[in-house]
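Working notes, structure below.
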Amino acid sequence: MSNIIFYILSGITLCSALFVILSKNPVYSVLSLVITFSCITGHMLLLSADFLAVVNLIVYAGAIMVLFLFVIMMLNLNDAVAPAGKSFMSKLAAFVSGGLFLIALVYLLKGQQIGSVDLSSLDENFGSAQELGKILFNQFILPFEITSVLFLSAMIGAVMLGKKDLKDN
Amino acid sequence: MSEYLVLCSILFSLGAFGVLYRRNILVMFMSIELMLNSVNLLMVYFSALHNDQSGQVFVFFIMAVAAAEITIGLAILVMIFRHLGSINIDSLKKLKW
């Protein structure tokens, strides 16, 4: 049963990821990226990472995608959307290098003997907020604090970059 | 080899392909997000495989760094649009000989 769900989700994920890249209008790209992230959330639920799935949905499909939509609407890309003349060769080069990268990855990973996930062997509250919080605030407390500094600097940087003219202050 | 490895490899290469294929900076950012998310999914898979929840904590940090990166990147993009009137990456060629 979960195998069927996995294959359906994977199909939707890959199709919408392809649509993100190939669609001409950035708004459609954002919307299909939301679908992709929702499918990845489904994959995380299949792997019993419940809390992380919810965080993924809120942070990625919610916050970051809304940020993208705001920027697209703010820029008013009516005439800027028109594609600049781009040679066939560079598209072909992108296709060939992407395909070669995929072949290299699959070839490297092919021989690996990796067992399948046995969900019944996991702890009862594997991936719950309680368990993750215990690890986060004991083992990873220093990276957690550094992340807060990173967010503060990102916030200040975004505000400074977004100002109309820096000399005005 | 497992299906998740194949899925994440395909997603990651789709992201890399998108960065090379598109000239729109917004879509390039979205492709980077795709790559980050495929790695996140792989992290979750391995954490379930090894019954070790540290991998899921790493996904938190990847998400935090991605959020900060996207914030700064979009601010820079708005600035580029104000100066050049375009978000095509080919218009950023002032340093070109």
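Ordering of the structure tokens sets the chain letters (A, B, ...), residue numbers begin anew at 1 in every chain, and ligands are numbered from 1 in the order given.
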### Task
Find the residues near Asp52 of chain B: any atom within 9 Å, counting only C-alpha atoms, skip ones fewer than 5 places away on the same chain, and give them as a PyMOL selection string.
(chain A and resi 126) or (chain B and resi 46-47)
Taking N, CA and C atoms for each residue, export the selection above as a short mmCIF file (atom, residue, chain, number, x, y, z; two decimals), in the first residue's frame.
data_model
loop_
_atom_site.label_atom_id
_atom_site.label_comp_id
_atom_site.auth_asym_id
_atom_site.auth_seq_id
_atom_site.Cartn_x
_atom_site.Cartn_y
_atom_site.Cartn_z
N PHE A 126 9.26 8.18 17.07
CA PHE A 126 10.38 8.58 16.21
C PHE A 126 9.97 9.77 15.36
N PHE B 46 17.69 8.64 5.29
CA PHE B 46 18.78 7.96 5.98
C PHE B 46 18.58 7.95 7.48
N SER B 47 17.93 9.01 8.00
CA SER B 47 17.68 9.01 9.44
C SER B 47 16.70 7.91 9.81
#
Just need the residues of chain A within 6 Å of chain B, counting only C-alpha atoms, so spit them out as a PDB file with N, CA and C atoms, in the first residue's frame.
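selection37.pdb, freshly written:
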ATOM      1  N   ILE A  21      10.727  24.083 -13.996  1.00  0.00           N
ATOM      2  CA  ILE A  21      11.839  24.526 -14.837  1.00  0.00           C
ATOM      3  C   ILE A  21      11.343  24.969 -16.206  1.00  0.00           C
ATOM      4  N   ALA A  80       9.591  42.270 -18.712  1.00  0.00           N
ATOM      5  CA  ALA A  80      10.880  41.652 -18.406  1.00  0.00           C
ATOM      6  C   ALA A  80      10.827  40.146 -18.579  1.00  0.00           C
ATOM      7  N   LYS A  91      21.243  25.708 -24.537  1.00  0.00           N
ATOM      8  CA  LYS A  91      20.200  24.828 -24.002  1.00  0.00           C
ATOM      9  C   LYS A  91      20.629  23.373 -24.094  1.00  0.00           C
ATOM     10  N   ALA A  94      23.103  22.653 -21.430  1.00  0.00           N
ATOM     11  CA  ALA A  94      22.468  22.468 -20.125  1.00  0.00           C
ATOM     12  C   ALA A  94      21.845  21.085 -20.032  1.00  0.00           C
ATOM     13  N   GLY A  98      23.160  18.263 -17.424  1.00  0.00           N
ATOM     14  CA  GLY A  98      22.234  17.739 -16.424  1.00  0.00           C
ATOM     15  C   GLY A  98      22.071  16.241 -16.532  1.00  0.00           C
ATOM     16  N   LEU A 102      23.120  13.265 -13.819  1.00  0.00           N
ATOM     17  CA  LEU A 102      22.213  12.229 -13.324  1.00  0.00           C
ATOM     18  C   LEU A 102      22.815  10.839 -13.533  1.00  0.00           C
ATOM     19  N   LYS A 110      24.857   2.933  -7.740  1.00  0.00           N
ATOM     20  CA  LYS A 110      24.241   1.705  -8.190  1.00  0.00           C
ATOM     21  C   LYS A 110      24.668   0.505  -7.344  1.00  0.00           C
ATOM     22  N   VAL A 117      13.833   0.683   4.432  1.00  0.00           N
ATOM     23  CA  VAL A 117      13.433   1.199   5.734  1.00  0.00           C
ATOM     24  C   VAL A 117      12.376   0.287   6.339  1.00  0.00           C
ATOM     25  N   ALA A 154      20.702  37.905   8.466  1.00  0.00           N
ATOM     26  CA  ALA A 154      19.960  37.844   7.209  1.00  0.00           C
ATOM     27  C   ALA A 154      18.854  38.890   7.197  1.00  0.00           C
ATOM     28  N   ALA A 158      18.683  41.896   4.594  1.00  0.00           N
ATOM     29  CA  ALA A 158      17.564  42.060   3.667  1.00  0.00           C
ATOM     30  C   ALA A 158      16.981  43.465   3.771  1.00  0.00           C
ATOM     31  N   LEU A 161      19.463  45.888   2.110  1.00  0.00           N
ATOM     32  CA  LEU A 161      19.496  45.763   0.657  1.00  0.00           C
ATOM     33  C   LEU A 161      18.212  46.283   0.028  1.00  0.00           C
ATOM     34  N   GLY A 162      17.108  46.162   0.764  1.00  0.00           N
ATOM     35  CA  GLY A 162      15.835  46.529   0.179  1.00  0.00           C
ATOM     36  C   GLY A 162      15.546  48.011   0.211  1.00  0.00           C
TER      37      GLY A 162
END
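Once Cys15 of chain A and its same-chain neighbours fewer than 2 positions away are set aside, A:Ile8, A:Leu9, A:Ser10, A:Gly11, A:Ile12, A:Thr13, A:Ala17, A:Leu18, A:Phe19, A:Val20, A:Ile21, A:Leu22, A:Ser23, A:Ser29, A:Ser32, A:Leu33, A:Ile35, A:Thr36, A:Cys39, B:Leu7, B:Ile10, B:Leu11, B:Leu14 remain within 12 Å of it when counting only C-alpha atoms.
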### Task
Would you please extract all alpha helix (DSSP H) residues from chain B, as assigned by DSSP on the backbone, and give them as a PyMOL selection string?
chain B and resi 3-21+25-49+54-84
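Atom pair atom CA of Gly133 of chain A / atom CA of Phe51 of chain A: separated by 10.4 Å.
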